[in-house]
Amino acid sequence: MNNVALRNPDVVTEIQMQAGLGKRIVFVSGNFNTVHPGHLRLLRFASECGDFLVVGVNDNHADTLVDETLRLDGVKSIGFIDYAFILHMPPEIFIRQLMPSIVVKGKEHEAYFNPEQEAVDGYGGKL
């Protein structure tokens, strides 16, 4: 697993190469201030939805409590995650670039507007 910042234009290509042809890429993003059982359940579910799990750890901003590199280390320690990196843009923008088969969000987001929905609808993905 690699720690590649999204500012690197090759991150999408690297993910696609590591995933391989014909693999269903699943994407999850979040702050992951403290990885807790709810995160683990979400990430385990996401890993079971496809063939290659990619996790974008949001960069440092007002809603984060722990430095991005420490949060990334916590996520990278989870064995069923195939690729994790620091996400330096809104998830929906990255989703449009990567075009994962599936984007997974926690159940608590069901009742709210999800900008990721429009992104996946644009290429036939699933939220």
# chains A, B, ... in the order shown; residues from 1 in each chain; ligands from 1

$ residues_around --residues "segment 84-91 of chain A" --least-positions-apart "5" --cutoff "10 Å" --atoms "only C-alpha atoms" --output "compact mmCIF listing (two decimals) with all heavy atoms, in the first residue's frame"
# COMPACT_ATOMS: atom_id res chain seq x y z
N MET A 1 0.85 -1.17 0.00
CA MET A 1 0.00 0.00 0.00
C MET A 1 0.90 1.23 0.00
O MET A 1 1.91 1.26 0.66
CB MET A 1 -0.88 -0.02 1.24
CG MET A 1 -1.86 1.07 1.27
SD MET A 1 -3.03 1.03 2.62
CE MET A 1 -2.75 -0.50 3.42
N ASN A 2 0.51 2.24 -0.73
CA ASN A 2 1.33 3.44 -0.88
C ASN A 2 0.66 4.65 -0.29
O ASN A 2 -0.54 4.77 -0.27
CB ASN A 2 1.59 3.70 -2.37
CG ASN A 2 2.38 2.61 -3.01
OD1 ASN A 2 3.40 2.22 -2.47
ND2 ASN A 2 1.92 2.09 -4.12
N ASN A 3 1.49 5.58 0.15
CA ASN A 3 1.02 6.88 0.64
C ASN A 3 1.31 7.89 -0.44
O ASN A 3 2.37 8.48 -0.49
CB ASN A 3 1.76 7.23 1.94
CG ASN A 3 1.44 8.63 2.41
OD1 ASN A 3 0.54 9.28 1.90
ND2 ASN A 3 2.18 9.09 3.39
N VAL A 4 0.39 8.08 -1.36
CA VAL A 4 0.57 9.00 -2.47
C VAL A 4 -0.45 10.11 -2.31
O VAL A 4 -1.64 9.86 -2.29
CB VAL A 4 0.36 8.28 -3.82
CG1 VAL A 4 0.50 9.26 -4.97
CG2 VAL A 4 1.34 7.13 -3.96
N ALA A 5 0.03 11.34 -2.21
CA ALA A 5 -0.88 12.47 -2.09
C ALA A 5 -1.60 12.68 -3.41
O ALA A 5 -1.05 12.44 -4.48
CB ALA A 5 -0.10 13.73 -1.71
N LEU A 6 -2.83 13.13 -3.33
CA LEU A 6 -3.63 13.34 -4.53
C LEU A 6 -3.03 14.43 -5.42
O LEU A 6 -3.34 14.49 -6.59
CB LEU A 6 -5.06 13.67 -4.16
CG LEU A 6 -6.04 13.68 -5.31
CD1 LEU A 6 -6.00 12.37 -6.07
CD2 LEU A 6 -7.43 13.95 -4.84
N ARG A 7 -2.19 15.25 -4.90
CA ARG A 7 -1.55 16.28 -5.73
C ARG A 7 -0.70 15.63 -6.81
O ARG A 7 -0.37 16.23 -7.80
CB ARG A 7 -0.69 17.20 -4.86
CG ARG A 7 -1.53 18.04 -3.95
CD ARG A 7 -0.68 18.98 -3.12
NE ARG A 7 -1.53 19.69 -2.21
CZ ARG A 7 -1.32 19.77 -0.91
NH1 ARG A 7 -0.29 19.19 -0.36
NH2 ARG A 7 -2.14 20.44 -0.14
N VAL A 11 -1.74 9.38 -9.23
CA VAL A 11 -2.41 8.56 -8.22
C VAL A 11 -3.52 7.71 -8.84
O VAL A 11 -3.65 6.53 -8.52
CB VAL A 11 -2.91 9.40 -7.02
CG1 VAL A 11 -4.06 10.29 -7.39
CG2 VAL A 11 -3.29 8.51 -5.87
N ILE A 15 -3.46 3.62 -8.89
CA ILE A 15 -4.55 2.80 -8.34
C ILE A 15 -5.04 1.82 -9.39
O ILE A 15 -5.19 0.62 -9.11
CB ILE A 15 -5.70 3.68 -7.82
CG1 ILE A 15 -5.27 4.45 -6.58
CG2 ILE A 15 -6.96 2.84 -7.55
CD1 ILE A 15 -6.23 5.55 -6.17
N PHE A 27 -14.42 2.77 -3.45
CA PHE A 27 -13.81 3.94 -2.84
C PHE A 27 -14.58 4.39 -1.61
O PHE A 27 -15.81 4.43 -1.61
CB PHE A 27 -13.77 5.10 -3.86
CG PHE A 27 -13.19 6.37 -3.30
CD1 PHE A 27 -11.84 6.46 -2.99
CD2 PHE A 27 -13.99 7.48 -3.09
CE1 PHE A 27 -11.30 7.63 -2.47
CE2 PHE A 27 -13.47 8.66 -2.58
CZ PHE A 27 -12.12 8.73 -2.28
N VAL A 28 -13.83 4.73 -0.56
CA VAL A 28 -14.37 5.28 0.68
C VAL A 28 -13.49 6.46 1.05
O VAL A 28 -12.27 6.40 0.90
CB VAL A 28 -14.34 4.25 1.83
CG1 VAL A 28 -14.82 4.86 3.14
CG2 VAL A 28 -15.15 3.02 1.50
N SER A 29 -14.10 7.52 1.57
CA SER A 29 -13.30 8.64 2.07
C SER A 29 -13.83 9.08 3.42
O SER A 29 -14.97 8.80 3.77
CB SER A 29 -13.33 9.82 1.08
OG SER A 29 -14.63 10.34 0.97
N GLY A 30 -12.98 9.75 4.16
CA GLY A 30 -13.40 10.25 5.46
C GLY A 30 -12.25 10.84 6.23
O GLY A 30 -11.09 10.81 5.79
N ASN A 31 -12.56 11.36 7.42
CA ASN A 31 -11.54 11.95 8.28
C ASN A 31 -10.74 10.89 9.03
O ASN A 31 -9.53 11.01 9.17
CB ASN A 31 -12.16 12.92 9.29
CG ASN A 31 -12.69 14.17 8.64
OD1 ASN A 31 -12.30 14.53 7.53
ND2 ASN A 31 -13.58 14.86 9.32
N LEU A 53 -10.07 -2.17 -2.60
CA LEU A 53 -10.57 -1.09 -1.75
C LEU A 53 -9.57 0.05 -1.66
O LEU A 53 -8.43 -0.13 -1.24
CB LEU A 53 -10.89 -1.60 -0.35
CG LEU A 53 -11.38 -0.56 0.66
CD1 LEU A 53 -12.62 0.18 0.17
CD2 LEU A 53 -11.63 -1.22 2.01
N VAL A 54 -10.03 1.24 -2.05
CA VAL A 54 -9.25 2.47 -2.00
C VAL A 54 -9.87 3.38 -0.94
O VAL A 54 -11.08 3.61 -0.95
CB VAL A 54 -9.25 3.19 -3.37
CG1 VAL A 54 -8.52 4.52 -3.29
CG2 VAL A 54 -8.65 2.29 -4.44
N VAL A 55 -9.02 3.91 -0.05
CA VAL A 55 -9.50 4.82 1.00
C VAL A 55 -8.76 6.14 0.89
O VAL A 55 -7.53 6.19 0.93
CB VAL A 55 -9.31 4.21 2.41
CG1 VAL A 55 -9.76 5.21 3.48
CG2 VAL A 55 -10.06 2.90 2.53
N GLY A 56 -9.55 7.22 0.75
CA GLY A 56 -9.00 8.57 0.76
C GLY A 56 -9.19 9.16 2.14
O GLY A 56 -10.32 9.30 2.61
N VAL A 57 -8.09 9.49 2.79
CA VAL A 57 -8.12 10.13 4.11
C VAL A 57 -8.08 11.64 3.87
O VAL A 57 -7.13 12.15 3.27
CB VAL A 57 -6.92 9.67 4.97
CG1 VAL A 57 -6.88 10.42 6.29
CG2 VAL A 57 -6.97 8.16 5.20
N ASN A 58 -9.13 12.32 4.30
CA ASN A 58 -9.20 13.77 4.08
C ASN A 58 -7.98 14.47 4.66
O ASN A 58 -7.51 14.12 5.75
CB ASN A 58 -10.47 14.35 4.71
CG ASN A 58 -11.72 13.83 4.04
OD1 ASN A 58 -11.72 13.46 2.87
ND2 ASN A 58 -12.80 13.78 4.79
N ASP A 59 -7.49 15.48 3.94
CA ASP A 59 -6.34 16.23 4.43
C ASP A 59 -6.73 17.07 5.64
O ASP A 59 -7.90 17.09 6.05
CB ASP A 59 -5.72 17.07 3.32
CG ASP A 59 -6.65 18.12 2.72
OD1 ASP A 59 -7.79 18.27 3.20
OD2 ASP A 59 -6.24 18.77 1.76
N ASN A 60 -5.76 17.73 6.22
CA ASN A 60 -6.00 18.55 7.41
C ASN A 60 -6.92 19.72 7.08
O ASN A 60 -6.67 20.47 6.14
CB ASN A 60 -4.68 19.10 7.96
CG ASN A 60 -3.82 18.03 8.57
OD1 ASN A 60 -4.31 17.00 9.05
ND2 ASN A 60 -2.52 18.24 8.57
N GLU A 68 -3.06 14.60 9.41
CA GLU A 68 -3.38 13.70 8.29
C GLU A 68 -2.45 12.51 8.19
O GLU A 68 -2.87 11.40 7.84
CB GLU A 68 -3.40 14.48 6.97
CG GLU A 68 -2.10 15.11 6.59
CD GLU A 68 -2.19 16.11 5.45
OE1 GLU A 68 -3.27 16.69 5.22
OE2 GLU A 68 -1.16 16.30 4.77
N THR A 69 -1.16 12.69 8.47
CA THR A 69 -0.24 11.56 8.34
C THR A 69 -0.51 10.49 9.40
O THR A 69 -0.40 9.30 9.11
CB THR A 69 1.23 12.02 8.41
OG1 THR A 69 1.44 12.72 9.64
CG2 THR A 69 1.58 12.90 7.24
N ARG A 71 -3.50 9.97 10.78
CA ARG A 71 -4.77 9.34 10.40
C ARG A 71 -4.55 8.35 9.26
O ARG A 71 -5.12 7.27 9.24
CB ARG A 71 -5.80 10.41 10.02
CG ARG A 71 -6.21 11.24 11.23
CD ARG A 71 -7.27 12.30 10.93
NE ARG A 71 -6.73 13.41 10.18
CZ ARG A 71 -7.06 13.74 8.94
NH1 ARG A 71 -7.98 13.05 8.28
NH2 ARG A 71 -6.52 14.77 8.33
N LEU A 72 -3.69 8.72 8.30
CA LEU A 72 -3.37 7.80 7.21
C LEU A 72 -2.69 6.54 7.74
O LEU A 72 -3.02 5.43 7.31
CB LEU A 72 -2.49 8.50 6.17
CG LEU A 72 -2.05 7.64 4.99
CD1 LEU A 72 -3.25 7.16 4.18
CD2 LEU A 72 -1.07 8.42 4.11
N ASP A 73 -1.77 6.70 8.67
CA ASP A 73 -1.11 5.53 9.26
C ASP A 73 -2.13 4.58 9.89
O ASP A 73 -2.02 3.36 9.76
CB ASP A 73 -0.09 5.95 10.32
CG ASP A 73 1.18 6.52 9.72
OD1 ASP A 73 1.41 6.34 8.50
OD2 ASP A 73 1.95 7.16 10.47
N VAL A 75 -5.31 4.18 9.10
CA VAL A 75 -6.08 3.52 8.04
C VAL A 75 -5.22 2.47 7.34
O VAL A 75 -5.68 1.36 7.05
CB VAL A 75 -6.63 4.57 7.04
CG1 VAL A 75 -7.15 3.92 5.78
CG2 VAL A 75 -7.71 5.40 7.71
N LYS A 76 -3.96 2.80 7.06
CA LYS A 76 -3.08 1.86 6.36
C LYS A 76 -2.81 0.60 7.18
O LYS A 76 -2.45 -0.43 6.61
CB LYS A 76 -1.76 2.54 6.02
CG LYS A 76 -1.90 3.54 4.88
CD LYS A 76 -0.64 4.33 4.63
CE LYS A 76 0.49 3.48 4.19
NZ LYS A 76 1.70 4.26 3.86
N SER A 77 -3.02 0.66 8.48
CA SER A 77 -2.77 -0.52 9.31
C SER A 77 -3.89 -1.56 9.21
O SER A 77 -3.75 -2.66 9.73
CB SER A 77 -2.58 -0.10 10.78
OG SER A 77 -3.81 0.32 11.33
N ILE A 78 -4.97 -1.23 8.53
CA ILE A 78 -6.09 -2.15 8.36
C ILE A 78 -5.79 -3.04 7.16
O ILE A 78 -5.69 -2.57 6.03
CB ILE A 78 -7.41 -1.36 8.18
CG1 ILE A 78 -7.64 -0.45 9.40
CG2 ILE A 78 -8.58 -2.33 7.97
CD1 ILE A 78 -8.74 0.57 9.20
N ARG A 96 -14.85 11.45 -9.83
CA ARG A 96 -14.98 11.67 -11.28
C ARG A 96 -13.70 11.29 -12.02
O ARG A 96 -13.74 10.89 -13.18
CB ARG A 96 -15.33 13.13 -11.57
CG ARG A 96 -16.76 13.46 -11.25
CD ARG A 96 -17.12 14.90 -11.68
NE ARG A 96 -18.48 15.20 -11.30
CZ ARG A 96 -18.82 15.93 -10.22
NH1 ARG A 96 -17.89 16.44 -9.45
NH2 ARG A 96 -20.08 16.16 -9.94
N GLN A 97 -12.55 11.42 -11.35
CA GLN A 97 -11.28 11.06 -11.97
C GLN A 97 -11.05 9.55 -11.95
O GLN A 97 -10.68 8.96 -12.95
CB GLN A 97 -10.12 11.76 -11.26
CG GLN A 97 -10.13 13.25 -11.41
CD GLN A 97 -9.05 13.92 -10.58
OE1 GLN A 97 -8.22 13.27 -9.95
NE2 GLN A 97 -9.05 15.24 -10.57
N VAL A 103 -18.93 3.49 -4.61
CA VAL A 103 -18.52 4.42 -3.56
C VAL A 103 -19.37 4.08 -2.34
O VAL A 103 -20.59 3.98 -2.44
CB VAL A 103 -18.73 5.89 -3.98
CG1 VAL A 103 -18.41 6.83 -2.82
CG2 VAL A 103 -17.88 6.22 -5.20
N PRO A 115 -23.03 14.75 -2.57
CA PRO A 115 -22.50 15.19 -3.86
C PRO A 115 -21.85 14.04 -4.64
O PRO A 115 -21.73 14.11 -5.86
CB PRO A 115 -21.48 16.27 -3.50
CG PRO A 115 -21.19 16.07 -2.06
CD PRO A 115 -22.39 15.42 -1.44
N GLU A 116 -21.49 12.98 -3.96
CA GLU A 116 -20.92 11.82 -4.63
C GLU A 116 -21.92 11.15 -5.57
O GLU A 116 -21.53 10.52 -6.55
CB GLU A 116 -20.42 10.79 -3.60
CG GLU A 116 -19.32 11.28 -2.70
CD GLU A 116 -19.82 11.93 -1.41
OE1 GLU A 116 -21.04 12.24 -1.31
OE2 GLU A 116 -19.01 12.12 -0.50
N ALA A 119 -21.69 12.47 -9.02
CA ALA A 119 -20.43 12.01 -9.63
C ALA A 119 -20.55 10.59 -10.15
O ALA A 119 -20.19 10.31 -11.30
CB ALA A 119 -19.28 12.12 -8.61

$ closest_residue --among "A:Thr64, A:Arg41, A:Pro100, A:Ile93" --to "Lys23 of chain A" --atoms "only C-alpha atoms"
A:Pro100

$ closest_residue --among "A:Ala111, A:Cys49, A:Tyr83, A:Thr34" --to "Leu65 of chain A" --atoms "only C-alpha atoms"
A:Thr34

$ select_by_dssp --residues "chain A" --states "strand (DSSP E or B)" --output "list in words"
Ile25, Val26, Phe27, Val28, Ser29, Gly30, Phe52, Leu53, Val54, Val55, Gly56, Val57, Asn58, Tyr83, Ala84, Phe85, Ile86, Leu87, Ile102, Val103 and Lys126 of chain A

$ write_last_selection --atoms "N, CA and C atoms" --output "compact mmCIF listing (two decimals), in the first residue's frame"
# COMPACT_ATOMS: atom_id res chain seq x y z
N ILE A 25 -13.26 -1.52 -8.44
CA ILE A 25 -12.65 -0.64 -7.45
C ILE A 25 -13.76 -0.06 -6.58
N VAL A 26 -13.54 -0.09 -5.28
CA VAL A 26 -14.46 0.49 -4.31
C VAL A 26 -13.73 1.64 -3.62
N PHE A 27 -14.42 2.77 -3.45
CA PHE A 27 -13.81 3.94 -2.84
C PHE A 27 -14.58 4.39 -1.61
N VAL A 28 -13.83 4.73 -0.56
CA VAL A 28 -14.37 5.28 0.68
C VAL A 28 -13.49 6.46 1.05
N SER A 29 -14.10 7.52 1.57
CA SER A 29 -13.30 8.64 2.07
C SER A 29 -13.83 9.08 3.42
N GLY A 30 -12.98 9.75 4.16
CA GLY A 30 -13.40 10.25 5.46
C GLY A 30 -12.25 10.84 6.23
N PHE A 52 -11.02 -4.27 -5.03
CA PHE A 52 -9.87 -3.45 -4.65
C PHE A 52 -10.38 -2.24 -3.89
N LEU A 53 -10.07 -2.17 -2.60
CA LEU A 53 -10.57 -1.09 -1.75
C LEU A 53 -9.57 0.05 -1.66
N VAL A 54 -10.03 1.24 -2.05
CA VAL A 54 -9.25 2.47 -2.00
C VAL A 54 -9.87 3.38 -0.94
N VAL A 55 -9.02 3.91 -0.05
CA VAL A 55 -9.50 4.82 1.00
C VAL A 55 -8.76 6.14 0.89
N GLY A 56 -9.55 7.22 0.75
CA GLY A 56 -9.00 8.57 0.76
C GLY A 56 -9.19 9.16 2.14
N VAL A 57 -8.09 9.49 2.79
CA VAL A 57 -8.12 10.13 4.11
C VAL A 57 -8.08 11.64 3.87
N ASN A 58 -9.13 12.32 4.30
CA ASN A 58 -9.20 13.77 4.08
C ASN A 58 -7.98 14.47 4.66
N TYR A 83 -5.35 0.21 -0.89
CA TYR A 83 -4.64 1.44 -1.23
C TYR A 83 -5.22 2.57 -0.40
N ALA A 84 -4.37 3.35 0.25
CA ALA A 84 -4.82 4.50 1.03
C ALA A 84 -3.91 5.68 0.75
N PHE A 85 -4.50 6.86 0.75
CA PHE A 85 -3.75 8.07 0.44
C PHE A 85 -4.45 9.26 1.09
N ILE A 86 -3.74 10.39 1.12
CA ILE A 86 -4.32 11.63 1.65
C ILE A 86 -5.06 12.32 0.51
N LEU A 87 -6.34 12.58 0.73
CA LEU A 87 -7.22 13.19 -0.26
C LEU A 87 -7.19 14.70 -0.11
N ILE A 102 -17.91 1.35 -7.24
CA ILE A 102 -18.78 1.57 -6.08
C ILE A 102 -18.13 2.58 -5.14
N VAL A 103 -18.93 3.49 -4.61
CA VAL A 103 -18.52 4.42 -3.56
C VAL A 103 -19.37 4.08 -2.34
N LYS A 126 -22.00 3.30 -8.69
CA LYS A 126 -23.04 3.09 -7.67
C LYS A 126 -22.58 3.66 -6.33

$ select_by_dssp --residues "chain A" --states "alpha helix (DSSP H)" --output "PyMOL selection string"
chain A and resi 11-19+37-48+68-76+91-98+115-121

$ atom_distance --atom1 "atom CA of Gly122 of chain A" --atom2 "atom CA of Arg44 of chain A"
26.2 Å
